[in-house]
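J.: This one is query.pdb, PDB, N, CA and C atoms.
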ATOM      1  N   MET A1251     122.602 182.814  93.125
ATOM      2  CA  MET A1251     123.798 182.044  93.412
ATOM      3  C   MET A1251     124.370 181.447  92.141
ATOM      4  N   GLY A1252     123.534 180.878  91.316
ATOM      5  CA  GLY A1252     124.004 180.287  90.078
ATOM      6  C   GLY A1252     123.521 181.105  88.903
ATOM      7  N   ARG A1253     123.846 180.607  87.729
ATOM      8  CA  ARG A1253     123.372 181.297  86.542
ATOM      9  C   ARG A1253     122.904 180.264  85.540
ATOM     10  N   LEU A1254     121.958 180.648  84.730
ATOM     11  CA  LEU A1254     121.416 179.776  83.713
ATOM     12  C   LEU A1254     122.176 180.020  82.421
ATOM     13  N   LYS A1255     122.671 178.947  81.821
ATOM     14  CA  LYS A1255     123.382 179.063  80.559
ATOM     15  C   LYS A1255     122.672 178.189  79.543
ATOM     16  N   ILE A1256     122.272 178.791  78.451
ATOM     17  CA  ILE A1256     121.599 178.058  77.383
ATOM     18  C   ILE A1256     122.641 177.765  76.313
ATOM     19  N   TYR A1257     122.789 176.481  76.003
ATOM     20  CA  TYR A1257     123.805 176.059  75.046
ATOM     21  C   TYR A1257     123.222 175.956  73.646
ATOM     22  N   ASP A1258     124.065 176.233  72.666
ATOM     23  CA  ASP A1258     123.710 176.058  71.261
ATOM     24  C   ASP A1258     123.685 174.565  70.956
ATOM     25  N   THR A1259     122.671 174.101  70.238
ATOM     26  CA  THR A1259     122.546 172.671  69.963
ATOM     27  C   THR A1259     123.583 172.160  68.978
ATOM     28  N   SER A1260     124.285 173.064  68.301
ATOM     29  CA  SER A1260     125.312 172.619  67.360
ATOM     30  C   SER A1260     126.632 172.281  68.059
ATOM     31  N   ILE A1261     126.763 172.639  69.330
ATOM     32  CA  ILE A1261     127.980 172.340  70.093
ATOM     33  C   ILE A1261     127.955 170.868  70.481
ATOM     34  N   PRO A1262     129.060 170.145  70.280
ATOM     35  CA  PRO A1262     129.086 168.726  70.673
ATOM     36  C   PRO A1262     128.891 168.562  72.179
ATOM     37  N   LEU A1263     128.185 167.505  72.557
ATOM     38  CA  LEU A1263     127.886 167.239  73.960
ATOM     39  C   LEU A1263     129.156 167.078  74.786
ATOM     40  N   GLU A1264     130.184 166.482  74.215
ATOM     41  CA  GLU A1264     131.449 166.287  74.947
ATOM     42  C   GLU A1264     132.055 167.618  75.371
ATOM     43  N   HIS A1265     131.931 168.637  74.523
ATOM     44  CA  HIS A1265     132.465 169.954  74.858
ATOM     45  C   HIS A1265     131.717 170.555  76.049
ATOM     46  N   ILE A1266     130.396 170.412  76.040
ATOM     47  CA  ILE A1266     129.582 170.941  77.141
ATOM     48  C   ILE A1266     129.910 170.209  78.436
ATOM     49  N   VAL A1267     130.042 168.880  78.374
ATOM     50  CA  VAL A1267     130.362 168.088  79.569
ATOM     51  C   VAL A1267     131.720 168.495  80.128
ATOM     52  N   ASN A1268     132.708 168.664  79.267
ATOM     53  CA  ASN A1268     134.044 169.063  79.729
ATOM     54  C   ASN A1268     134.034 170.442  80.364
ATOM     55  N   GLU A1269     133.264 171.366  79.791
ATOM     56  CA  GLU A1269     133.180 172.715  80.345
ATOM     57  C   GLU A1269     132.536 172.698  81.732
ATOM     58  N   ARG A1270     131.437 171.965  81.873
ATOM     59  CA  ARG A1270     130.735 171.913  83.156
ATOM     60  C   ARG A1270     131.564 171.176  84.210
ATOM     61  N   GLU A1271     132.277 170.129  83.795
ATOM     62  CA  GLU A1271     133.133 169.404  84.725
ATOM     63  C   GLU A1271     134.270 170.297  85.221
ATOM     64  N   GLY A1272     134.833 171.093  84.329
ATOM     65  CA  GLY A1272     135.890 172.022  84.726
ATOM     66  C   GLY A1272     135.403 173.047  85.733
ATOM     67  N   GLN A1273     134.191 173.549  85.518
ATOM     68  CA  GLN A1273     133.621 174.510  86.458
ATOM     69  C   GLN A1273     133.407 173.865  87.824
ATOM     70  N   TYR A1274     132.906 172.629  87.829
ATOM     71  CA  TYR A1274     132.649 171.932  89.097
ATOM     72  C   TYR A1274     133.954 171.652  89.841
ATOM     73  N   LEU A1275     134.970 171.175  89.123
ATOM     74  CA  LEU A1275     136.232 170.827  89.768
ATOM     75  C   LEU A1275     136.983 172.055  90.266
ATOM     76  N   SER A1276     136.710 173.215  89.690
ATOM     77  CA  SER A1276     137.409 174.428  90.123
ATOM     78  C   SER A1276     136.830 174.997  91.420
ATOM     79  N   ARG A1277     135.656 174.519  91.830
ATOM     80  CA  ARG A1277     135.051 175.002  93.074
ATOM     81  C   ARG A1277     135.751 174.391  94.291
ATOM     82  N   SER A1278     135.685 175.118  95.378
ATOM     83  CA  SER A1278     136.190 174.585  96.643
ATOM     84  C   SER A1278     135.156 173.624  97.215
ATOM     85  N   GLY A1279     135.534 172.894  98.237
ATOM     86  CA  GLY A1279     134.593 171.995  98.898
ATOM     87  C   GLY A1279     133.396 172.749  99.447
ATOM     88  N   GLU A1280     133.658 173.913 100.009
ATOM     89  CA  GLU A1280     132.577 174.738 100.553
ATOM     90  C   GLU A1280     131.645 175.202  99.439
ATOM     91  N   GLY A1281     132.208 175.567  98.293
ATOM     92  CA  GLY A1281     131.397 176.013  97.163
ATOM     93  C   GLY A1281     130.514 174.900  96.630
ATOM     94  N   LYS A1282     131.058 173.667  96.586
ATOM     95  CA  LYS A1282     130.274 172.526  96.125
ATOM     96  C   LYS A1282     129.108 172.253  97.067
ATOM     97  N   LEU A1283     129.360 172.347  98.374
ATOM     98  CA  LEU A1283     128.310 172.106  99.367
ATOM     99  C   LEU A1283     127.230 173.185  99.285
ATOM    100  N   LYS A1284     127.649 174.444  99.134
ATOM    101  CA  LYS A1284     126.673 175.531  99.022
ATOM    102  C   LYS A1284     125.814 175.376  97.776
ATOM    103  N   ALA A1285     126.416 174.939  96.665
ATOM    104  CA  ALA A1285     125.652 174.732  95.434
ATOM    105  C   ALA A1285     124.631 173.607  95.621
ATOM    106  N   LEU A1286     125.025 172.557  96.323
ATOM    107  CA  LEU A1286     124.115 171.450  96.581
ATOM    108  C   LEU A1286     122.943 171.891  97.457
ATOM    109  N   LEU A1287     123.219 172.648  98.499
ATOM    110  CA  LEU A1287     122.151 173.132  99.377
ATOM    111  C   LEU A1287     121.224 174.098  98.638
ATOM    112  N   HIS A1288     121.797 174.920  97.769
ATOM    113  CA  HIS A1288     120.982 175.841  96.984
ATOM    114  C   HIS A1288     120.072 175.075  96.033
ATOM    115  N   LEU A1289     120.591 174.038  95.401
ATOM    116  CA  LEU A1289     119.788 173.221  94.501
ATOM    117  C   LEU A1289     118.645 172.546  95.252
ATOM    118  N   ASN A1290     118.924 172.063  96.450
ATOM    119  CA  ASN A1290     117.879 171.450  97.278
ATOM    120  C   ASN A1290     116.803 172.479  97.633
ATOM    121  N   HIS A1291     117.217 173.682  97.977
ATOM    122  CA  HIS A1291     116.279 174.752  98.327
ATOM    123  C   HIS A1291     115.375 175.083  97.137
ATOM    124  N   VAL A1292     115.941 175.185  95.950
ATOM    125  CA  VAL A1292     115.158 175.483  94.752
ATOM    126  C   VAL A1292     114.167 174.349  94.461
ATOM    127  N   ALA A1293     114.614 173.094  94.634
ATOM    128  CA  ALA A1293     113.734 171.950  94.387
ATOM    129  C   ALA A1293     112.535 171.966  95.328
ATOM    130  N   VAL A1294     112.753 172.311  96.581
ATOM    131  CA  VAL A1294     111.649 172.387  97.550
ATOM    132  C   VAL A1294     110.690 173.511  97.170
ATOM    133  N   GLN A1295     111.230 174.653  96.764
ATOM    134  CA  GLN A1295     110.371 175.766  96.351
ATOM    135  C   GLN A1295     109.517 175.385  95.143
ATOM    136  N   LEU A1296     110.100 174.689  94.184
ATOM    137  CA  LEU A1296     109.361 174.298  92.992
ATOM    138  C   LEU A1296     108.311 173.225  93.283
ATOM    139  N   ASN A1297     108.448 172.529  94.412
ATOM    140  CA  ASN A1297     107.494 171.485  94.788
ATOM    141  C   ASN A1297     106.441 172.015  95.760
ATOM    142  N   GLY A1298     106.248 173.301  95.792
ATOM    143  CA  GLY A1298     105.216 173.884  96.642
ATOM    144  C   GLY A1298     105.589 173.933  98.110
ATOM    145  N   GLY A1299     106.870 173.962  98.424
ATOM    146  CA  GLY A1299     107.316 174.052  99.809
ATOM    147  C   GLY A1299     107.435 172.721 100.510
ATOM    148  N   LYS A1300     107.180 171.624  99.796
ATOM    149  CA  LYS A1300     107.305 170.292 100.398
ATOM    150  C   LYS A1300     108.565 169.619  99.869
ATOM    151  N   PRO A1301     109.296 168.912 100.723
ATOM    152  CA  PRO A1301     110.496 168.222 100.227
ATOM    153  C   PRO A1301     110.147 167.137  99.224
ATOM    154  N   LEU A1302     111.092 166.837  98.333
ATOM    155  CA  LEU A1302     110.861 165.814  97.315
ATOM    156  C   LEU A1302     110.908 164.416  97.904
ATOM    157  N   LYS A1303     111.696 164.232  98.943
ATOM    158  CA  LYS A1303     111.840 162.918  99.577
ATOM    159  C   LYS A1303     111.750 163.090 101.085
ATOM    160  N   TYR A1304     111.250 162.059 101.743
ATOM    161  CA  TYR A1304     111.072 162.104 103.187
ATOM    162  C   TYR A1304     111.886 160.998 103.846
ATOM    163  N   PRO A1305     112.508 161.263 105.006
ATOM    164  CA  PRO A1305     113.236 160.205 105.708
ATOM    165  C   PRO A1305     112.284 159.127 106.214
ATOM    166  N   GLN A1306     112.745 157.906 106.223
ATOM    167  CA  GLN A1306     111.940 156.777 106.680
ATOM    168  C   GLN A1306     112.199 156.436 108.145
ATOM    169  N   GLY A1307     113.243 156.983 108.741
ATOM    170  CA  GLY A1307     113.568 156.652 110.119
ATOM    171  C   GLY A1307     114.349 155.363 110.244
ATOM    172  N   ARG A1308     114.847 154.849 109.134
ATOM    173  CA  ARG A1308     115.633 153.601 109.134
ATOM    174  C   ARG A1308     116.995 153.847 108.494
ATOM    175  N   GLY A1309     117.688 154.855 108.950
ATOM    176  CA  GLY A1309     119.001 155.144 108.384
ATOM    177  C   GLY A1309     118.879 156.050 107.164
ATOM    178  N   ILE A1310     119.523 155.658 106.079
ATOM    179  CA  ILE A1310     119.549 156.515 104.904
ATOM    180  C   ILE A1310     118.495 156.122 103.863
ATOM    181  N   ILE A1311     117.570 155.245 104.208
ATOM    182  CA  ILE A1311     116.531 154.824 103.276
ATOM    183  C   ILE A1311     115.537 155.972 103.136
ATOM    184  N   ILE A1312     115.237 156.353 101.901
ATOM    185  CA  ILE A1312     114.270 157.434 101.651
ATOM    186  C   ILE A1312     113.262 156.943 100.632
ATOM    187  N   ARG A1313     112.120 157.608 100.597
ATOM    188  CA  ARG A1313     111.079 157.229  99.650
ATOM    189  C   ARG A1313     110.522 158.495  99.017
ATOM    190  N   LYS A1314     109.931 158.315  97.863
ATOM    191  CA  LYS A1314     109.213 159.415  97.220
ATOM    192  C   LYS A1314     107.741 159.239  97.546
ATOM    193  N   PRO A1315     107.013 160.340  97.743
ATOM    194  CA  PRO A1315     105.579 160.215  98.046
ATOM    195  C   PRO A1315     104.796 159.719  96.847
TER     196      PRO A1315
END
Could I get this file's structure written as C-alpha coordinates?

T.:
Amino acid sequence: MGRLKIYDTSIPLEHIVNEREGQYLSRSGEGKLKALLHLNHVAVQLNGGKPLKYPQGRGIIIRKP
(Lines of atoms letter the chains of each structure in order from A and count residues from 1; the text may use other names and numbers.)
(Lines give C-alpha, C1' and ligand atoms only; values in the text may rest on other atoms or scores of the structure.)
Protein backbone atom coordinates (compact mmCIF):
# COMPACT_ATOMS: atom_id res chain seq x y z
CA MET A 1 0.00 0.00 0.00
CA GLY A 2 2.75 2.44 0.88
CA ARG A 3 6.34 2.78 -0.06
CA LEU A 4 9.50 3.31 1.90
CA LYS A 5 11.52 6.37 0.96
CA ILE A 6 14.99 6.87 2.36
CA TYR A 7 16.02 10.52 2.45
CA ASP A 8 19.50 11.92 2.00
CA THR A 9 20.73 13.48 5.25
CA SER A 10 22.01 16.54 3.40
CA ILE A 11 18.44 17.58 2.50
CA PRO A 12 17.04 20.19 4.92
CA LEU A 13 14.34 18.88 7.24
CA GLU A 14 11.92 21.63 6.16
CA HIS A 15 12.05 20.34 2.58
CA ILE A 16 11.22 16.79 3.69
CA VAL A 17 8.35 18.02 5.91
CA ASN A 18 6.88 20.10 3.08
CA GLU A 19 7.10 17.18 0.65
CA ARG A 20 5.40 14.75 3.05
CA GLU A 21 2.72 17.30 3.97
CA GLY A 22 1.95 17.84 0.29
CA GLN A 23 1.57 14.11 -0.25
CA TYR A 24 -0.77 13.82 2.75
CA LEU A 25 -2.92 16.80 1.74
CA SER A 26 -3.27 15.49 -1.82
CA ARG A 27 -4.97 12.30 -0.57
CA SER A 28 -8.72 11.98 -0.40
CA GLY A 29 -10.46 11.39 2.92
CA GLU A 30 -10.84 7.73 2.02
CA GLY A 31 -7.13 7.48 1.18
CA LYS A 32 -6.17 9.02 4.53
CA LEU A 33 -8.40 6.56 6.40
CA LYS A 34 -7.03 3.57 4.47
CA ALA A 35 -3.46 4.68 5.22
CA LEU A 36 -4.29 4.95 8.91
CA LEU A 37 -5.86 1.48 9.01
CA HIS A 38 -2.90 0.04 7.13
CA LEU A 39 -0.48 1.61 9.61
CA ASN A 40 -2.48 0.13 12.49
CA HIS A 41 -2.40 -3.30 10.82
CA VAL A 42 1.38 -3.14 10.38
CA ALA A 43 1.85 -2.05 14.02
CA VAL A 44 -0.16 -5.05 15.25
CA GLN A 45 1.84 -7.42 13.04
CA LEU A 46 5.13 -6.02 14.36
CA ASN A 47 3.88 -6.50 17.94
CA GLY A 48 3.38 -10.23 17.50
CA GLY A 49 -0.31 -10.03 16.61
CA LYS A 50 -1.30 -8.15 19.77
CA PRO A 51 -2.65 -4.59 19.65
CA LEU A 52 -0.43 -1.84 21.03
CA LYS A 53 -3.22 -0.38 23.16
CA TYR A 54 -6.31 -1.89 24.73
CA PRO A 55 -9.69 -0.22 25.41
CA GLN A 56 -10.48 0.38 29.07
CA GLY A 57 -14.27 0.30 28.72
CA ARG A 58 -14.55 3.90 29.93
CA GLY A 59 -15.01 5.79 26.69
CA ILE A 60 -11.88 6.77 24.79
CA ILE A 61 -9.42 6.15 27.65
CA ILE A 62 -6.73 3.67 26.56
CA ARG A 63 -3.68 2.23 28.25
CA LYS A 64 -0.47 0.59 27.18
CA PRO A 65 0.31 -2.84 28.67

J.: Record the distance separating atom N of Ala1285 in chain A and atom C of Leu1263 in chain A, expressed in Å with one decimal.

T.: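 It comes out at 23.4 Å.
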
J.: If you run DSSP over the backbone, which residues in chain A end up alpha helix (DSSP H)? Put them as an MDAnalysis selection string.

T.: chainID A and resid 1263:1276 1279:1296

J.: With DSSP run on the backbone, what are the strand (DSSP E) residues within chain A? I'd like them as a ChimeraX atom specification.

T.: /A:1304-1305,1312-1313

J.: Could you jot down the CA of Asn1290 in chain A to CA of Ile1256 in chain A separation for me, Å, one decimal place?

T.: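 Between CA of Asn1290 in chain A and CA of Ile1256 in chain A the gap works out to 21.3 Å.
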
J.: Between atom C of Leu1254 in chain A and CA of Asn1268 in chain A, what is the spacing in Å?

T.: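 Computed distance, CA of Asn1268 in chain A to atom C of Leu1254 in chain A, equals 16.4 Å.
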